[in-house]
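Colleague: Coordinates in model_23.cif, mmCIF, C-alpha atoms, are listed below.
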data_run
loop_
_atom_site.group_PDB
_atom_site.id
_atom_site.type_symbol
_atom_site.label_atom_id
_atom_site.label_comp_id
_atom_site.auth_asym_id
_atom_site.auth_seq_id
_atom_site.Cartn_x
_atom_site.Cartn_y
_atom_site.Cartn_z
ATOM 1 C CA MET T 1 -43.254 -1.178 35.586
ATOM 2 C CA ARG T 2 -39.652 -1.976 36.314
ATOM 3 C CA VAL T 3 -37.583 -4.228 34.085
ATOM 4 C CA ARG T 4 -34.202 -5.652 34.951
ATOM 5 C CA ILE T 5 -31.816 -6.637 32.161
ATOM 6 C CA ILE T 6 -28.679 -8.569 33.012
ATOM 7 C CA VAL T 7 -25.914 -8.416 30.419
ATOM 8 C CA ASN T 8 -23.043 -10.891 30.545
ATOM 9 C CA LEU T 9 -20.075 -11.685 28.363
ATOM 10 C CA LYS T 10 -20.573 -14.894 26.396
ATOM 11 C CA PRO T 11 -18.953 -17.917 28.061
ATOM 12 C CA SER T 12 -16.574 -18.213 25.087
ATOM 13 C CA VAL T 13 -15.299 -14.649 25.573
ATOM 14 C CA LEU T 14 -12.396 -14.022 27.915
ATOM 15 C CA ASP T 15 -13.313 -11.731 30.827
ATOM 16 C CA PRO T 16 -10.072 -10.105 32.026
ATOM 17 C CA GLN T 17 -11.974 -8.143 34.662
ATOM 18 C CA GLY T 18 -13.479 -11.328 36.089
ATOM 19 C CA LYS T 19 -10.029 -12.935 36.157
ATOM 20 C CA ALA T 20 -8.600 -9.973 38.090
ATOM 21 C CA VAL T 21 -11.485 -10.067 40.583
ATOM 22 C CA ARG T 22 -10.980 -13.808 41.076
ATOM 23 C CA ALA T 23 -7.276 -13.264 41.785
ATOM 24 C CA ALA T 24 -8.143 -10.483 44.257
ATOM 25 C CA LEU T 25 -10.666 -12.699 46.070
ATOM 26 C CA LYS T 26 -8.040 -15.398 46.303
ATOM 27 C CA SER T 27 -5.539 -12.960 47.762
ATOM 28 C CA LEU T 28 -8.129 -12.044 50.398
ATOM 29 C CA GLY T 29 -8.201 -15.685 51.423
ATOM 30 C CA PHE T 30 -11.427 -16.804 49.716
ATOM 31 C CA GLU T 31 -10.753 -20.340 48.549
ATOM 32 C CA GLY T 32 -12.739 -22.383 46.079
ATOM 33 C CA VAL T 33 -13.661 -19.578 43.690
ATOM 34 C CA ASP T 34 -13.083 -21.287 40.367
ATOM 35 C CA ASP T 35 -14.223 -18.497 38.102
ATOM 36 C CA VAL T 36 -15.639 -14.972 38.243
ATOM 37 C CA ARG T 37 -17.548 -13.263 35.446
ATOM 38 C CA VAL T 38 -18.408 -9.565 35.711
ATOM 39 C CA GLY T 39 -21.560 -8.421 33.925
ATOM 40 C CA LYS T 40 -23.837 -5.425 34.168
ATOM 41 C CA VAL T 41 -27.399 -4.740 35.240
ATOM 42 C CA ILE T 42 -29.684 -2.256 33.517
ATOM 43 C CA TYR T 43 -32.988 -1.176 35.082
ATOM 44 C CA LEU T 44 -35.739 0.373 32.984
ATOM 45 C CA ASN T 45 -38.689 2.204 34.535
ATOM 46 C CA LEU T 46 -41.497 2.005 32.008
ATOM 47 C CA THR T 47 -44.777 3.888 31.964
ATOM 48 C CA GLY T 48 -47.652 3.556 29.542
ATOM 49 C CA VAL T 49 -46.334 0.263 28.214
ATOM 50 C CA ASP T 50 -48.583 -2.807 28.152
ATOM 51 C CA ARG T 51 -47.203 -5.932 29.758
ATOM 52 C CA GLY T 52 -47.761 -7.670 26.445
ATOM 53 C CA GLN T 53 -45.539 -5.203 24.596
ATOM 54 C CA VAL T 54 -42.601 -5.452 26.957
ATOM 55 C CA LYS T 55 -40.955 -8.536 25.485
ATOM 56 C CA GLU T 56 -40.805 -7.120 21.992
ATOM 57 C CA MET T 57 -39.663 -3.732 23.252
ATOM 58 C CA VAL T 58 -36.877 -5.058 25.474
ATOM 59 C CA GLU T 59 -35.644 -7.419 22.786
ATOM 60 C CA GLU T 60 -35.494 -4.592 20.267
ATOM 61 C CA MET T 61 -33.670 -2.319 22.732
ATOM 62 C CA CYS T 62 -31.135 -5.056 23.396
ATOM 63 C CA ALA T 63 -30.627 -5.787 19.710
ATOM 64 C CA LYS T 64 -30.213 -2.134 18.772
ATOM 65 C CA LEU T 65 -28.205 -0.749 21.648
ATOM 66 C CA LEU T 66 -28.031 -2.347 25.055
ATOM 67 C CA VAL T 67 -26.271 -5.579 24.098
ATOM 68 C CA ASN T 68 -23.523 -6.371 21.605
ATOM 69 C CA PRO T 69 -24.471 -9.849 20.362
ATOM 70 C CA VAL T 70 -20.913 -10.521 19.160
ATOM 71 C CA ILE T 71 -19.607 -10.716 22.713
ATOM 72 C CA GLU T 72 -22.595 -10.523 25.079
ATOM 73 C CA THR T 73 -25.739 -12.381 26.089
ATOM 74 C CA TYR T 74 -28.627 -11.090 28.176
ATOM 75 C CA GLU T 75 -31.597 -12.116 30.237
ATOM 76 C CA TRP T 76 -34.411 -9.931 31.517
ATOM 77 C CA GLU T 77 -37.444 -9.954 33.756
ATOM 78 C CA ILE T 78 -40.170 -7.671 35.061
ATOM 79 C CA VAL T 79 -39.218 -7.040 38.680
ATOM 80 C CA GLU T 80 -42.066 -4.676 39.675
ATOM 81 C CA ASP T 81 -45.531 -4.089 38.229
ATOM 82 C CA MET Y 1 -9.245 15.590 -2.087
ATOM 83 C CA ARG Y 2 -11.893 16.459 0.464
ATOM 84 C CA PHE Y 3 -11.638 15.029 3.979
ATOM 85 C CA GLY Y 4 -14.219 15.300 6.757
ATOM 86 C CA VAL Y 5 -13.298 14.730 10.388
ATOM 87 C CA VAL Y 6 -16.351 13.773 12.445
ATOM 88 C CA VAL Y 7 -16.678 15.409 15.849
ATOM 89 C CA PHE Y 8 -18.727 13.513 18.438
ATOM 90 C CA PRO Y 9 -19.274 14.719 21.990
ATOM 91 C CA GLY Y 10 -16.118 13.340 23.575
ATOM 92 C CA SER Y 11 -13.909 13.088 20.475
ATOM 93 C CA ASN Y 12 -10.403 14.237 21.342
ATOM 94 C CA CYS Y 13 -8.218 13.337 18.365
ATOM 95 C CA ASP Y 14 -10.257 15.343 15.872
ATOM 96 C CA MET Y 15 -7.835 18.278 15.834
ATOM 97 C CA ASP Y 16 -4.840 15.971 15.371
ATOM 98 C CA CYS Y 17 -6.506 14.365 12.351
ATOM 99 C CA TYR Y 18 -7.446 17.744 10.932
ATOM 100 C CA TRP Y 19 -3.892 18.981 11.412
ATOM 101 C CA ALA Y 20 -2.357 15.917 9.735
ATOM 102 C CA VAL Y 21 -4.586 16.133 6.681
ATOM 103 C CA LYS Y 22 -4.917 19.875 6.297
ATOM 104 C CA GLU Y 23 -1.633 21.319 7.551
ATOM 105 C CA VAL Y 24 0.822 18.479 6.983
ATOM 106 C CA LEU Y 25 -0.607 17.051 3.746
ATOM 107 C CA GLY Y 26 -2.238 20.238 2.501
ATOM 108 C CA GLU Y 27 -5.539 18.575 1.569
ATOM 109 C CA ASP Y 28 -8.970 20.095 1.887
ATOM 110 C CA CYS Y 29 -10.435 19.232 5.284
ATOM 111 C CA GLU Y 30 -13.448 20.180 7.390
ATOM 112 C CA TYR Y 31 -14.874 19.219 10.751
ATOM 113 C CA VAL Y 32 -18.238 17.450 10.510
ATOM 114 C CA TRP Y 33 -20.619 17.636 13.469
ATOM 115 C CA TYR Y 34 -22.095 14.279 14.484
ATOM 116 C CA GLN Y 35 -25.631 15.532 13.814
ATOM 117 C CA GLU Y 36 -24.832 16.058 10.120
ATOM 118 C CA LYS Y 37 -27.008 14.096 7.707
ATOM 119 C CA ASP Y 38 -25.434 15.010 4.364
ATOM 120 C CA ILE Y 39 -21.795 14.092 3.826
ATOM 121 C CA SER Y 40 -21.988 13.408 0.096
ATOM 122 C CA ASP Y 41 -19.486 16.209 -0.663
ATOM 123 C CA PHE Y 42 -16.621 14.419 1.034
ATOM 124 C CA ASP Y 43 -14.230 11.852 -0.431
ATOM 125 C CA CYS Y 44 -12.964 10.482 2.867
ATOM 126 C CA ILE Y 45 -14.517 10.555 6.321
ATOM 127 C CA ILE Y 46 -12.311 10.171 9.383
ATOM 128 C CA LEU Y 47 -13.842 8.924 12.636
ATOM 129 C CA PRO Y 48 -11.263 10.135 15.138
ATOM 130 C CA GLY Y 49 -10.207 8.760 18.490
ATOM 131 C CA GLY Y 50 -11.459 9.848 21.866
ATOM 132 C CA PHE Y 51 -14.229 8.852 24.203
ATOM 133 C CA SER Y 52 -17.479 9.530 22.383
ATOM 134 C CA TYR Y 53 -20.271 9.683 24.969
ATOM 135 C CA GLY Y 54 -17.737 8.904 27.686
ATOM 136 C CA ASP Y 55 -17.554 5.278 26.494
ATOM 137 C CA TYR Y 56 -20.868 4.772 28.323
ATOM 138 C CA LEU Y 57 -22.492 1.347 27.914
ATOM 139 C CA ARG Y 58 -19.693 0.135 25.572
ATOM 140 C CA ALA Y 59 -17.073 2.124 23.670
ATOM 141 C CA GLY Y 60 -18.776 3.381 20.506
ATOM 142 C CA ALA Y 61 -22.197 1.987 21.407
ATOM 143 C CA ILE Y 62 -24.018 5.296 21.785
ATOM 144 C CA ALA Y 63 -22.176 7.063 18.971
ATOM 145 C CA LYS Y 64 -23.577 4.491 16.556
ATOM 146 C CA THR Y 65 -27.040 5.944 17.083
ATOM 147 C CA SER Y 66 -26.015 9.388 15.718
ATOM 148 C CA PRO Y 67 -27.336 10.823 12.455
ATOM 149 C CA ILE Y 68 -23.818 10.862 10.949
ATOM 150 C CA ILE Y 69 -23.640 7.071 11.200
ATOM 151 C CA GLU Y 70 -26.864 6.717 9.236
ATOM 152 C CA ALA Y 71 -25.402 9.062 6.613
ATOM 153 C CA LEU Y 72 -22.262 6.947 6.560
ATOM 154 C CA ARG Y 73 -24.270 3.846 5.589
ATOM 155 C CA ASP Y 74 -25.179 5.462 2.267
ATOM 156 C CA PHE Y 75 -21.747 7.044 1.906
ATOM 157 C CA VAL Y 76 -19.863 3.709 1.928
ATOM 158 C CA LYS Y 77 -22.087 2.184 -0.761
ATOM 159 C CA ASP Y 78 -19.988 4.205 -3.220
ATOM 160 C CA LYS Y 79 -16.742 2.227 -3.390
ATOM 161 C CA SER Y 80 -14.713 5.323 -4.225
ATOM 162 C CA LYS Y 81 -15.695 6.918 -0.890
ATOM 163 C CA LEU Y 82 -13.400 6.048 1.988
ATOM 164 C CA VAL Y 83 -13.889 5.823 5.744
ATOM 165 C CA ILE Y 84 -11.108 5.454 8.285
ATOM 166 C CA GLY Y 85 -11.941 4.912 11.950
ATOM 167 C CA ILE Y 86 -9.075 5.380 14.362
ATOM 168 C CA CYS Y 87 -9.217 3.980 17.904
ATOM 169 C CA ASN Y 88 -12.652 5.096 19.169
ATOM 170 C CA GLY Y 89 -13.527 5.490 15.486
ATOM 171 C CA PHE Y 90 -12.689 1.784 14.988
ATOM 172 C CA GLN Y 91 -14.837 0.907 18.008
ATOM 173 C CA ILE Y 92 -17.743 2.880 16.516
ATOM 174 C CA LEU Y 93 -17.359 1.110 13.131
ATOM 175 C CA LEU Y 94 -17.562 -2.255 14.926
ATOM 176 C CA GLU Y 95 -20.554 -1.284 17.036
ATOM 177 C CA ALA Y 96 -22.357 0.102 14.000
ATOM 178 C CA GLY Y 97 -21.705 -3.062 12.024
ATOM 179 C CA PHE Y 98 -19.512 -1.568 9.272
ATOM 180 C CA LEU Y 99 -16.813 -4.021 10.327
ATOM 181 C CA PRO Y 100 -17.206 -7.479 11.907
ATOM 182 C CA GLY Y 101 -16.187 -8.369 15.466
ATOM 183 C CA ALA Y 102 -16.125 -6.417 18.719
ATOM 184 C CA MET Y 103 -13.740 -4.823 21.184
ATOM 185 C CA LEU Y 104 -13.051 -6.178 24.641
ATOM 186 C CA ARG Y 105 -11.154 -4.575 27.458
ATOM 187 C CA ASN Y 106 -7.371 -4.926 27.133
ATOM 188 C CA LYS Y 107 -6.136 -8.262 28.380
ATOM 189 C CA GLY Y 108 -3.897 -6.552 30.936
ATOM 190 C CA LEU Y 109 -6.813 -4.380 32.146
ATOM 191 C CA LYS Y 110 -4.678 -1.267 31.739
ATOM 192 C CA PHE Y 111 -4.947 1.739 29.488
ATOM 193 C CA VAL Y 112 -1.981 1.285 27.141
ATOM 194 C CA CYS Y 113 -0.313 4.373 25.709
ATOM 195 C CA GLU Y 114 2.911 3.692 23.795
ATOM 196 C CA TYR Y 115 4.519 3.298 20.383
ATOM 197 C CA VAL Y 116 3.969 -0.154 18.886
ATOM 198 C CA ASP Y 117 5.179 -1.859 15.733
ATOM 199 C CA VAL Y 118 2.511 -2.905 13.272
ATOM 200 C CA VAL Y 119 3.116 -4.897 10.131
ATOM 201 C CA VAL Y 120 1.260 -4.103 6.911
ATOM 202 C CA GLU Y 121 -0.507 -7.376 6.064
ATOM 203 C CA ASN Y 122 -2.267 -6.073 2.998
ATOM 204 C CA ASN Y 123 -0.917 -3.200 0.924
ATOM 205 C CA GLU Y 124 -3.617 -3.487 -1.711
ATOM 206 C CA THR Y 125 -6.054 -1.246 0.138
ATOM 207 C CA PRO Y 126 -6.703 2.465 -0.370
ATOM 208 C CA PHE Y 127 -5.157 3.058 3.055
ATOM 209 C CA THR Y 128 -1.887 1.188 2.544
ATOM 210 C CA CYS Y 129 -1.194 1.435 -1.191
ATOM 211 C CA LEU Y 130 2.063 3.358 -0.640
ATOM 212 C CA CYS Y 131 3.326 0.795 1.892
ATOM 213 C CA GLU Y 132 5.204 -2.403 1.128
ATOM 214 C CA GLU Y 133 3.576 -5.659 2.114
ATOM 215 C CA GLY Y 134 5.272 -6.788 5.322
ATOM 216 C CA GLU Y 135 6.521 -3.273 6.048
ATOM 217 C CA VAL Y 136 6.719 -2.486 9.749
ATOM 218 C CA LEU Y 137 5.336 0.869 10.863
ATOM 219 C CA SER Y 138 5.876 2.417 14.264
ATOM 220 C CA ILE Y 139 2.629 4.075 15.396
ATOM 221 C CA PRO Y 140 1.397 5.006 18.876
ATOM 222 C CA ILE Y 141 -1.615 3.400 20.525
ATOM 223 C CA ALA Y 142 -3.658 4.817 23.417
ATOM 224 C CA HIS Y 143 -6.639 2.731 24.475
ATOM 225 C CA MET Y 144 -8.391 0.689 27.142
ATOM 226 C CA GLU Y 145 -10.602 -1.366 24.810
ATOM 227 C CA GLY Y 146 -8.417 -2.534 21.941
ATOM 228 C CA ASN Y 147 -8.646 -6.262 22.512
ATOM 229 C CA TYR Y 148 -10.223 -7.128 19.177
ATOM 230 C CA PHE Y 149 -12.438 -10.195 19.268
ATOM 231 C CA ALA Y 150 -14.042 -12.187 16.464
ATOM 232 C CA ASP Y 151 -15.306 -15.756 16.548
ATOM 233 C CA ASP Y 152 -13.389 -18.418 14.616
ATOM 234 C CA SER Y 153 -15.474 -18.337 11.461
ATOM 235 C CA THR Y 154 -15.397 -14.521 11.290
ATOM 236 C CA LEU Y 155 -11.640 -14.556 11.789
ATOM 237 C CA ARG Y 156 -11.203 -17.163 9.075
ATOM 238 C CA SER Y 157 -13.177 -15.107 6.598
ATOM 239 C CA LEU Y 158 -11.232 -11.951 7.529
ATOM 240 C CA ILE Y 159 -7.974 -13.749 6.774
ATOM 241 C CA GLU Y 160 -9.260 -15.398 3.592
ATOM 242 C CA ASN Y 161 -10.613 -12.121 2.227
ATOM 243 C CA ARG Y 162 -7.395 -10.301 3.137
ATOM 244 C CA GLN Y 163 -9.317 -7.946 5.408
ATOM 245 C CA VAL Y 164 -6.612 -8.021 8.061
ATOM 246 C CA VAL Y 165 -4.683 -4.873 7.161
ATOM 247 C CA PHE Y 166 -2.450 -4.350 10.216
ATOM 248 C CA ARG Y 167 -1.140 -6.770 12.840
ATOM 249 C CA TYR Y 168 0.899 -6.011 15.927
ATOM 250 C CA HIS Y 169 4.489 -7.011 15.353
ATOM 251 C CA GLY Y 170 6.662 -8.586 18.026
ATOM 252 C CA PHE Y 171 4.397 -7.587 20.908
ATOM 253 C CA ASN Y 172 0.626 -7.674 21.243
ATOM 254 C CA PRO Y 173 -0.304 -4.848 23.645
ATOM 255 C CA ASN Y 174 -3.953 -5.730 24.271
ATOM 256 C CA GLY Y 175 -4.557 -9.431 23.631
ATOM 257 C CA SER Y 176 -6.366 -8.969 20.319
ATOM 258 C CA VAL Y 177 -7.113 -12.160 18.409
ATOM 259 C CA TYR Y 178 -4.552 -12.963 15.644
ATOM 260 C CA ASP Y 179 -2.638 -9.839 16.829
ATOM 261 C CA ILE Y 180 -5.094 -7.718 14.850
ATOM 262 C CA ALA Y 181 -4.468 -3.971 14.896
ATOM 263 C CA GLY Y 182 -6.609 -2.984 11.913
ATOM 264 C CA ILE Y 183 -9.148 -4.506 9.526
ATOM 265 C CA CYS Y 184 -11.142 -3.365 6.496
ATOM 266 C CA ASN Y 185 -14.577 -4.295 5.200
ATOM 267 C CA GLU Y 186 -15.045 -6.715 2.300
ATOM 268 C CA THR Y 187 -15.251 -3.908 -0.227
ATOM 269 C CA GLY Y 188 -12.038 -2.429 1.131
ATOM 270 C CA ASN Y 189 -13.261 1.160 1.467
ATOM 271 C CA VAL Y 190 -13.756 1.135 5.254
ATOM 272 C CA LEU Y 191 -10.748 0.720 7.568
ATOM 273 C CA GLY Y 192 -10.700 0.509 11.350
ATOM 274 C CA MET Y 193 -7.410 0.612 13.245
ATOM 275 C CA MET Y 194 -6.439 1.011 16.889
ATOM 276 C CA PRO Y 195 -3.050 2.764 16.347
ATOM 277 C CA HIS Y 196 -3.131 6.522 15.837
ATOM 278 C CA PRO Y 197 -1.463 7.469 12.517
ATOM 279 C CA GLU Y 198 -2.421 11.132 13.030
ATOM 280 C CA ARG Y 199 -0.098 11.257 16.034
ATOM 281 C CA CYS Y 200 3.003 10.417 14.014
ATOM 282 C CA CYS Y 201 2.907 12.595 10.926
ATOM 283 C CA GLU Y 202 5.797 14.914 11.723
ATOM 284 C CA ALA Y 203 9.373 14.133 12.779
ATOM 285 C CA ILE Y 204 9.115 16.705 15.559
ATOM 286 C CA LEU Y 205 6.363 14.586 17.121
ATOM 287 C CA GLY Y 206 8.517 11.477 17.126
ATOM 288 C CA GLY Y 207 7.808 9.860 13.785
ATOM 289 C CA GLU Y 208 6.282 10.127 10.329
ATOM 290 C CA ASP Y 209 5.060 6.597 9.704
ATOM 291 C CA GLY Y 210 1.434 7.644 10.106
ATOM 292 C CA LEU Y 211 1.781 9.922 7.122
ATOM 293 C CA LYS Y 212 2.104 6.853 4.874
ATOM 294 C CA ILE Y 213 -1.499 5.994 5.607
ATOM 295 C CA PHE Y 214 -2.873 9.453 4.852
ATOM 296 C CA ARG Y 215 -0.629 9.722 1.773
ATOM 297 C CA SER Y 216 -1.898 6.355 0.580
ATOM 298 C CA ILE Y 217 -5.473 7.612 0.814
ATOM 299 C CA VAL Y 218 -4.622 10.682 -1.264
ATOM 300 C CA ALA Y 219 -2.616 8.656 -3.789
ATOM 301 C CA TYR Y 220 -5.439 6.122 -4.137
ATOM 302 C CA HIS Y 221 -7.840 8.946 -4.798
ATOM 303 C CA GLY Y 222 -5.623 10.087 -7.653
ATOM 304 C CA GLY Y 223 -3.842 12.922 -5.939
ATOM 305 C CA LYS Y 224 -0.181 13.655 -6.428
ATOM 306 C CA VAL Y 225 1.826 12.939 -3.314
ATOM 307 C CA GLU Y 226 5.507 12.877 -2.599
ATOM 308 C CA ALA Y 227 6.599 9.276 -2.188
#
Output the structure of this file as structure tokens.

Modeller:
Amino acid sequence: MRVRIIVNLKPSVLDPQGKAVRAALKSLGFEGVDDVRVGKVIYLNLTGVDRGQVKEMVEEMCAKLLVNPVIETYEWEIVED
Amino acid sequence: MRFGVVVFPGSNCDMDCYWAVKEVLGEDCEYVWYQEKDISDFDCIILPGGFSYGDYLRAGAIAKTSPIIEALRDFVKDKSKLVIGICNGFQILLEAGFLPGAMLRNKGLKFVCEYVDVVVENNETPFTCLCEEGEVLSIPIAHMEGNYFADDSTLRSLIENRQVVFRYHGFNPNGSVYDIAGICNETGNVLGMMPHPERCCEAILGGEDGLKIFRSIVAYHGGKVEA
């Protein structure tokens, strides 16, 4: 089973990297880009884990290591069975 | 006084800290491997700067899972035991929850390596007791993620509890909220700071202001130090 976790900075947190990317896009001539936020994607390949256990497991992983709740939010989904 | 300097895979300021404490101050000092589980013999633990685990995931995020960090949780329950995290050490203390808030990438997106002025906001801590309140120290910084962030209520409580120990003076090099350069926990025995005091402990290296912090620690612990 393959799980995808997307980690983003909270909307209230300034993303200097996103700002720099937005400025670069503008300099390339892309108009109308109001805002850019850069996040990260984490893929987990799981074996021997029940579908029913995944939610609890992913949430615990995110709480303990993968996400810093002070500055980040996350969403996740099972992308392959 | 007995200091321990923790060595993580990727620490690179451990020898500077050891040198400052052992050779410059003449205190007892040992390296402590990050797998160590018993640190009860030490009076002060230094988490040095560097790039523990290559800053993978987030700076300090993987280091917080090490056995030494678990040992540190018991260690700090004794108020007379001190912990100072410098640069990556500060990032680890935040990630591990010893101190509130988090680090973001520098506002200017650049690694900043230069001397900065920091003002001592609180001189009633074990780490600043030989400084004057409002004293300006010149200490080098060298970091990519030093943009300290805390939400409004956390920041308010930091200020109210006098946990803001150092603030950048005149120029904020990384965009940190309230110009914060260093904070302590509520008990006051854990300090995290981005500037590197261990890099300015001898005149030949450009300055001695960092020595005031290490001397404060020794003085607080009851050791005799030259003023």

Colleague: Can you work out which residues from chain Y touch chain T at a cut-off of 9 Å (counting only C-alpha atoms) and hand them back as a list in words?

Modeller: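 On the chain Y side, the interface is Leu57, Arg58, Ala61, Ile62, Lys64, Thr65, Glu95, Pro100, Gly101, Ala102, Met103, Leu104, Arg105, Asn106, Lys107, Gly108, Leu109, Phe149, Ala150 and Asp151 of chain Y.
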
Colleague: If you apply the PyMOL selection byres ((chain T and resi 1) around 9) to this file, what residues do you get, as number ranges by chain?

Modeller: T: 2-3, 44-49, 51, 78-81

Colleague: Have a look at atom CA of Gly210 of chain Y and atom CA of His196 of chain Y and let me know their distance in Å, one decimal.

Modeller: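 Straight-line distance from atom CA of Gly210 of chain Y to atom CA of His196 of chain Y works out to 7.4 Å.
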
Colleague: Starting from the shown file, work through the PyMOL selection byres ((chain Y and resi 132) around 12) and note down what comes out as a PyMOL selection string.

Modeller: chain Y and resi 119-125+127-131+133-137+165+212-213+216

Colleague: Running the PyMOL selection byres ((chain Y and resi 51) around 10) on this model by hand, what would come out? Give it as a ChimeraX atom specification.

Modeller: /Y:8-13,48-50,52-56,59-60,63,87-89,143

Colleague: Using the selection just defined, write its residues with C-alpha atoms as a tab-separated table (two decimals), keeping the file's coordinate frame.

Modeller:
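The result, written out as again.tsv:
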chain	number	residue	atom	x	y	z
Y	8	PHE	CA	-18.73	13.51	18.44
Y	9	PRO	CA	-19.27	14.72	21.99
Y	10	GLY	CA	-16.12	13.34	23.58
Y	11	SER	CA	-13.91	13.09	20.48
Y	12	ASN	CA	-10.40	14.24	21.34
Y	13	CYS	CA	-8.22	13.34	18.36
Y	48	PRO	CA	-11.26	10.14	15.14
Y	49	GLY	CA	-10.21	8.76	18.49
Y	50	GLY	CA	-11.46	9.85	21.87
Y	52	SER	CA	-17.48	9.53	22.38
Y	53	TYR	CA	-20.27	9.68	24.97
Y	54	GLY	CA	-17.74	8.90	27.69
Y	55	ASP	CA	-17.55	5.28	26.49
Y	56	TYR	CA	-20.87	4.77	28.32
Y	59	ALA	CA	-17.07	2.12	23.67
Y	60	GLY	CA	-18.78	3.38	20.51
Y	63	ALA	CA	-22.18	7.06	18.97
Y	87	CYS	CA	-9.22	3.98	17.90
Y	88	ASN	CA	-12.65	5.10	19.17
Y	89	GLY	CA	-13.53	5.49	15.49
Y	143	HIS	CA	-6.64	2.73	24.48

Colleague: Please indicate the distance in Å from atom CA of Gly97 of chain Y to atom CA of Gln53 of chain T, rounded to one decimal place.

Modeller: 27.0 Å

Colleague: Might you pull out every residue within 9 Å of Phe214 of chain Y, with all atoms listed in the file counted and same-chain residues fewer than 4 positions away left off, and present them as a VMD selection string?

Modeller: chain Y and resid 20 to 21 25 127 to 128 197 to 198 201 210 218 to 219

Colleague: Create the file for the chosen residues now, containing C-alpha atoms and written as a PDB file, in the coordinates of the input.

Modeller:
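Saved as again-v9.pdb:
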ATOM      1  CA  ALA Y  20      -2.357  15.917   9.735  1.00  0.00           C
ATOM      2  CA  VAL Y  21      -4.586  16.133   6.681  1.00  0.00           C
ATOM      3  CA  LEU Y  25      -0.607  17.051   3.746  1.00  0.00           C
ATOM      4  CA  PHE Y 127      -5.157   3.058   3.055  1.00  0.00           C
ATOM      5  CA  THR Y 128      -1.887   1.188   2.544  1.00  0.00           C
ATOM      6  CA  PRO Y 197      -1.463   7.469  12.517  1.00  0.00           C
ATOM      7  CA  GLU Y 198      -2.421  11.132  13.030  1.00  0.00           C
ATOM      8  CA  CYS Y 201       2.907  12.595  10.926  1.00  0.00           C
ATOM      9  CA  GLY Y 210       1.434   7.644  10.106  1.00  0.00           C
ATOM     10  CA  VAL Y 218      -4.622  10.682  -1.264  1.00  0.00           C
ATOM     11  CA  ALA Y 219      -2.616   8.656  -3.789  1.00  0.00           C
TER      12      ALA Y 219
END

Colleague: Set the distance at 7 Å and use only C-alpha atoms: which residues neighbour Cys184 of chain Y once local chain neighbours fewer than 2 positions away are removed? I'd like the list as a PyMOL selection string.

Modeller: chain Y and resi 99+163-165+186+188+190-192

Colleague: For atom CA of Leu82 of chain Y and atom CA of His221 of chain Y, quote the distance in Å rounded to one decimal.

Modeller: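 Computing the Euclidean distance for atom CA of Leu82 of chain Y and atom CA of His221 of chain Y yields 9.2 Å.
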
Colleague: Determine, counting all atoms listed in the file, which protein, DNA and RNA residues have an atom within 7 Å of an atom of Glu30 of chain Y; residues of the same chain fewer than 6 positions away are not included. Present the result as a ChimeraX atom specification.

Modeller: /Y:3-5

Colleague: Given 3 Å of margin on each side, can you work out the centre and size in Å (one decimal) of an axis-aligned box holding every listed atom of segment 77-96 of chain Y, as AutoDock Vina command-line options?

Modeller:
--center_x -15.7 --center_y 2.3 --center_z 7.5 --size_x 19.3 --size_y 15.2 --size_z 29.4

Colleague: Of the residues Y:Cys44, Y:Cys29, Y:Cys113, Y:Ala181, which is the one nearest to Asn147 of chain Y, using only C-alpha atoms?

Modeller: Y:Ala181

Colleague: Name the closest residue to Val177 of chain Y among the candidates Y:Gly223, Y:Ile46, Y:Gly146, Y:Cys200; distances are taken between atoms, counting all atoms listed in the file.

Modeller: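 Smallest separation from Val177 of chain Y among the options: Y:Gly146.
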